[in-house]
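Student: My questions all concern the structure below.
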Amino acid sequence: MRSYSEKTNHFLLRQWERKVDNFELSKILSHFPKDLRRFSGFLIVGIHILKKVGIKTNEHLIIVLENGKFITLYFEKNLFQFLIEKKGQLFLL
């Protein structure tokens, strides 16, 4: 199992609020082939992947990283609008 960078307190709070446990997060991150230790940007996790790991939702999960540090995560219903508004590195699943 790969090791991942540290999580901010804000990320831990948001992770708890959105009921995404560490096991599910680890399974989600295993779908990204890139080493995330120096990554800055947005990870966009599709609904299909979320259902595979046991998260039942009709929204995409957005994980924000800065230099490999987990900053926050949230669910986004309108992915098209999100892509228009945000700039940065994007990975789509």
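In the structure tokens, the first chain shown is A, the next is B, and so on; residue numbers restart at 1 for each chain, and ligands run from 1 in the order shown.
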Using backbone DSSP assignments, extract all strand (DSSP E) residues from segment 10-72 of chain A; output them as a PDB file with N, CA and C atoms, in the first residue's frame.
Tutor:
```
ATOM      1  N   GLY A  41      -3.359  20.625  -7.008  1.00  0.00           N
ATOM      2  CA  GLY A  41      -4.505  20.728  -7.897  1.00  0.00           C
ATOM      3  C   GLY A  41      -5.707  19.982  -7.357  1.00  0.00           C
ATOM      4  N   PHE A  42      -6.586  19.615  -8.277  1.00  0.00           N
ATOM      5  CA  PHE A  42      -7.844  18.973  -7.924  1.00  0.00           C
ATOM      6  C   PHE A  42      -7.861  17.540  -8.417  1.00  0.00           C
ATOM      7  N   LEU A  43      -8.284  16.635  -7.567  1.00  0.00           N
ATOM      8  CA  LEU A  43      -8.563  15.271  -7.983  1.00  0.00           C
ATOM      9  C   LEU A  43     -10.076  15.150  -8.081  1.00  0.00           C
ATOM     10  N   ILE A  44     -10.564  14.764  -9.220  1.00  0.00           N
ATOM     11  CA  ILE A  44     -12.001  14.624  -9.422  1.00  0.00           C
ATOM     12  C   ILE A  44     -12.313  13.142  -9.517  1.00  0.00           C
ATOM     13  N   VAL A  45     -13.119  12.677  -8.592  1.00  0.00           N
ATOM     14  CA  VAL A  45     -13.448  11.263  -8.524  1.00  0.00           C
ATOM     15  C   VAL A  45     -14.885  11.090  -8.999  1.00  0.00           C
ATOM     16  N   HIS A  60     -19.948  14.065  -7.701  1.00  0.00           N
ATOM     17  CA  HIS A  60     -18.519  13.793  -7.835  1.00  0.00           C
ATOM     18  C   HIS A  60     -17.798  14.243  -6.569  1.00  0.00           C
ATOM     19  N   LEU A  61     -16.741  13.553  -6.217  1.00  0.00           N
ATOM     20  CA  LEU A  61     -15.924  13.941  -5.064  1.00  0.00           C
ATOM     21  C   LEU A  61     -14.726  14.723  -5.569  1.00  0.00           C
ATOM     22  N   ILE A  62     -14.519  15.892  -5.008  1.00  0.00           N
ATOM     23  CA  ILE A  62     -13.374  16.741  -5.353  1.00  0.00           C
ATOM     24  C   ILE A  62     -12.422  16.729  -4.162  1.00  0.00           C
ATOM     25  N   ILE A  63     -11.168  16.385  -4.411  1.00  0.00           N
ATOM     26  CA  ILE A  63     -10.135  16.396  -3.379  1.00  0.00           C
ATOM     27  C   ILE A  63      -9.095  17.430  -3.805  1.00  0.00           C
ATOM     28  N   VAL A  64      -8.801  18.363  -2.921  1.00  0.00           N
ATOM     29  CA  VAL A  64      -7.850  19.432  -3.226  1.00  0.00           C
ATOM     30  C   VAL A  64      -6.533  19.139  -2.520  1.00  0.00           C
ATOM     31  N   LEU A  65      -5.441  19.158  -3.303  1.00  0.00           N
ATOM     32  CA  LEU A  65      -4.112  18.958  -2.757  1.00  0.00           C
ATOM     33  C   LEU A  65      -3.233  20.151  -3.082  1.00  0.00           C
ATOM     34  N   GLU A  66      -2.312  20.449  -2.178  1.00  0.00           N
ATOM     35  CA  GLU A  66      -1.320  21.489  -2.409  1.00  0.00           C
ATOM     36  C   GLU A  66       0.037  20.935  -1.992  1.00  0.00           C
ATOM     37  N   LYS A  69      -0.120  17.830   0.037  1.00  0.00           N
ATOM     38  CA  LYS A  69      -0.848  17.884   1.310  1.00  0.00           C
ATOM     39  C   LYS A  69      -2.345  17.968   1.017  1.00  0.00           C
ATOM     40  N   PHE A  70      -3.118  17.113   1.690  1.00  0.00           N
ATOM     41  CA  PHE A  70      -4.566  17.118   1.503  1.00  0.00           C
ATOM     42  C   PHE A  70      -5.152  18.349   2.198  1.00  0.00           C
ATOM     43  N   ILE A  71      -5.799  19.218   1.414  1.00  0.00           N
ATOM     44  CA  ILE A  71      -6.330  20.477   1.932  1.00  0.00           C
ATOM     45  C   ILE A  71      -7.808  20.349   2.303  1.00  0.00           C
ATOM     46  N   THR A  72      -8.631  19.858   1.378  1.00  0.00           N
ATOM     47  CA  THR A  72     -10.061  19.703   1.647  1.00  0.00           C
ATOM     48  C   THR A  72     -10.655  18.702   0.664  1.00  0.00           C
TER      49      THR A  72
END
```
Student: Could you go through chain A and tell me which residues DSSP, when run on the backbone, assigns to alpha helix (DSSP H), listing them as a PDB file with N, CA and C atoms, in the first residue's frame?
Tutor:
```
ATOM      1  N   ASN A   9      -5.865  19.720   9.259  1.00  0.00           N
ATOM      2  CA  ASN A   9      -6.999  19.588  10.180  1.00  0.00           C
ATOM      3  C   ASN A   9      -8.312  19.870   9.463  1.00  0.00           C
ATOM      4  N   HIS A  10      -8.293  20.822   8.552  1.00  0.00           N
ATOM      5  CA  HIS A  10      -9.482  21.144   7.771  1.00  0.00           C
ATOM      6  C   HIS A  10      -9.917  19.925   6.955  1.00  0.00           C
ATOM      7  N   PHE A  11      -8.954  19.261   6.331  1.00  0.00           N
ATOM      8  CA  PHE A  11      -9.266  18.067   5.545  1.00  0.00           C
ATOM      9  C   PHE A  11      -9.878  16.991   6.434  1.00  0.00           C
ATOM     10  N   LEU A  12      -9.292  16.762   7.599  1.00  0.00           N
ATOM     11  CA  LEU A  12      -9.803  15.733   8.505  1.00  0.00           C
ATOM     12  C   LEU A  12     -11.241  16.040   8.931  1.00  0.00           C
ATOM     13  N   LEU A  13     -11.539  17.309   9.195  1.00  0.00           N
ATOM     14  CA  LEU A  13     -12.896  17.693   9.557  1.00  0.00           C
ATOM     15  C   LEU A  13     -13.854  17.444   8.406  1.00  0.00           C
ATOM     16  N   ARG A  14     -13.475  17.872   7.221  1.00  0.00           N
ATOM     17  CA  ARG A  14     -14.337  17.680   6.046  1.00  0.00           C
ATOM     18  C   ARG A  14     -14.499  16.193   5.715  1.00  0.00           C
ATOM     19  N   GLN A  15     -13.448  15.427   5.898  1.00  0.00           N
ATOM     20  CA  GLN A  15     -13.515  13.988   5.660  1.00  0.00           C
ATOM     21  C   GLN A  15     -14.540  13.363   6.613  1.00  0.00           C
ATOM     22  N   TRP A  16     -14.527  13.758   7.847  1.00  0.00           N
ATOM     23  CA  TRP A  16     -15.464  13.241   8.836  1.00  0.00           C
ATOM     24  C   TRP A  16     -16.897  13.697   8.520  1.00  0.00           C
ATOM     25  N   GLU A  17     -17.065  14.987   8.179  1.00  0.00           N
ATOM     26  CA  GLU A  17     -18.397  15.513   7.866  1.00  0.00           C
ATOM     27  C   GLU A  17     -19.027  14.815   6.662  1.00  0.00           C
ATOM     28  N   ASN A  22     -10.908   6.515   6.023  1.00  0.00           N
ATOM     29  CA  ASN A  22      -9.556   6.332   5.489  1.00  0.00           C
ATOM     30  C   ASN A  22      -9.467   5.141   4.547  1.00  0.00           C
ATOM     31  N   PHE A  23     -10.199   4.082   4.832  1.00  0.00           N
ATOM     32  CA  PHE A  23     -10.182   2.911   3.958  1.00  0.00           C
ATOM     33  C   PHE A  23     -10.747   3.265   2.587  1.00  0.00           C
ATOM     34  N   GLU A  24     -11.877   3.971   2.563  1.00  0.00           N
ATOM     35  CA  GLU A  24     -12.472   4.391   1.289  1.00  0.00           C
ATOM     36  C   GLU A  24     -11.545   5.356   0.552  1.00  0.00           C
ATOM     37  N   LEU A  25     -10.945   6.276   1.282  1.00  0.00           N
ATOM     38  CA  LEU A  25     -10.024   7.227   0.673  1.00  0.00           C
ATOM     39  C   LEU A  25      -8.828   6.510   0.051  1.00  0.00           C
ATOM     40  N   SER A  26      -8.303   5.528   0.738  1.00  0.00           N
ATOM     41  CA  SER A  26      -7.180   4.752   0.218  1.00  0.00           C
ATOM     42  C   SER A  26      -7.571   4.024  -1.069  1.00  0.00           C
ATOM     43  N   LYS A  27      -8.769   3.463  -1.100  1.00  0.00           N
ATOM     44  CA  LYS A  27      -9.234   2.772  -2.308  1.00  0.00           C
ATOM     45  C   LYS A  27      -9.433   3.757  -3.460  1.00  0.00           C
ATOM     46  N   ILE A  28      -9.934   4.953  -3.139  1.00  0.00           N
ATOM     47  CA  ILE A  28     -10.117   5.983  -4.172  1.00  0.00           C
ATOM     48  C   ILE A  28      -8.762   6.390  -4.742  1.00  0.00           C
ATOM     49  N   LEU A  29      -7.797   6.662  -3.881  1.00  0.00           N
ATOM     50  CA  LEU A  29      -6.486   7.139  -4.328  1.00  0.00           C
ATOM     51  C   LEU A  29      -5.707   6.071  -5.090  1.00  0.00           C
ATOM     52  N   ILE A  47     -18.553   9.314 -10.075  1.00  0.00           N
ATOM     53  CA  ILE A  47     -19.600   8.615  -9.343  1.00  0.00           C
ATOM     54  C   ILE A  47     -19.388   7.106  -9.404  1.00  0.00           C
ATOM     55  N   HIS A  48     -18.979   6.610 -10.552  1.00  0.00           N
ATOM     56  CA  HIS A  48     -18.765   5.167 -10.726  1.00  0.00           C
ATOM     57  C   HIS A  48     -17.696   4.641  -9.761  1.00  0.00           C
ATOM     58  N   ILE A  49     -16.600   5.354  -9.642  1.00  0.00           N
ATOM     59  CA  ILE A  49     -15.524   4.943  -8.720  1.00  0.00           C
ATOM     60  C   ILE A  49     -16.019   5.009  -7.277  1.00  0.00           C
ATOM     61  N   LEU A  50     -16.759   6.055  -6.941  1.00  0.00           N
ATOM     62  CA  LEU A  50     -17.283   6.185  -5.580  1.00  0.00           C
ATOM     63  C   LEU A  50     -18.187   5.008  -5.221  1.00  0.00           C
ATOM     64  N   LYS A  51     -19.020   4.595  -6.165  1.00  0.00           N
ATOM     65  CA  LYS A  51     -19.895   3.451  -5.905  1.00  0.00           C
ATOM     66  C   LYS A  51     -19.090   2.165  -5.746  1.00  0.00           C
ATOM     67  N   LYS A  52     -17.996   2.040  -6.509  1.00  0.00           N
ATOM     68  CA  LYS A  52     -17.132   0.859  -6.385  1.00  0.00           C
ATOM     69  C   LYS A  52     -16.538   0.732  -4.988  1.00  0.00           C
ATOM     70  N   LEU A  79     -20.561  19.309 -12.173  1.00  0.00           N
ATOM     71  CA  LEU A  79     -19.154  19.185 -12.545  1.00  0.00           C
ATOM     72  C   LEU A  79     -18.779  20.146 -13.670  1.00  0.00           C
ATOM     73  N   PHE A  80     -19.657  20.345 -14.622  1.00  0.00           N
ATOM     74  CA  PHE A  80     -19.357  21.235 -15.739  1.00  0.00           C
ATOM     75  C   PHE A  80     -19.057  22.653 -15.244  1.00  0.00           C
ATOM     76  N   GLN A  81     -19.894  23.167 -14.362  1.00  0.00           N
ATOM     77  CA  GLN A  81     -19.681  24.506 -13.813  1.00  0.00           C
ATOM     78  C   GLN A  81     -18.388  24.571 -13.006  1.00  0.00           C
ATOM     79  N   PHE A  82     -18.103  23.509 -12.260  1.00  0.00           N
ATOM     80  CA  PHE A  82     -16.865  23.439 -11.482  1.00  0.00           C
ATOM     81  C   PHE A  82     -15.645  23.551 -12.393  1.00  0.00           C
ATOM     82  N   LEU A  83     -15.657  22.822 -13.507  1.00  0.00           N
ATOM     83  CA  LEU A  83     -14.529  22.842 -14.437  1.00  0.00           C
ATOM     84  C   LEU A  83     -14.341  24.211 -15.078  1.00  0.00           C
ATOM     85  N   ILE A  84     -15.427  24.917 -15.299  1.00  0.00           N
ATOM     86  CA  ILE A  84     -15.333  26.259 -15.875  1.00  0.00           C
ATOM     87  C   ILE A  84     -14.690  27.227 -14.881  1.00  0.00           C
ATOM     88  N   GLU A  85     -15.069  27.108 -13.601  1.00  0.00           N
ATOM     89  CA  GLU A  85     -14.630  28.069 -12.590  1.00  0.00           C
ATOM     90  C   GLU A  85     -13.215  27.834 -12.071  1.00  0.00           C
TER      91      GLU A  85
END
```
Student: Of the candidates A:Glu6, A:Asp35, A:Asp21, A:Glu59, which shows the shortest atom-to-atom distance to Glu76 of chain A, using only C-alpha atoms?
Tutor: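 Using only C-alpha atoms, Glu76 of chain A sits closest to A:Glu59.
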Student: Between atom CA of Lys34 of chain A and atom CA of Phe75 of chain A, what distance in Å does the model show, to one decimal?
Tutor: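 The value is 22.0 Å.
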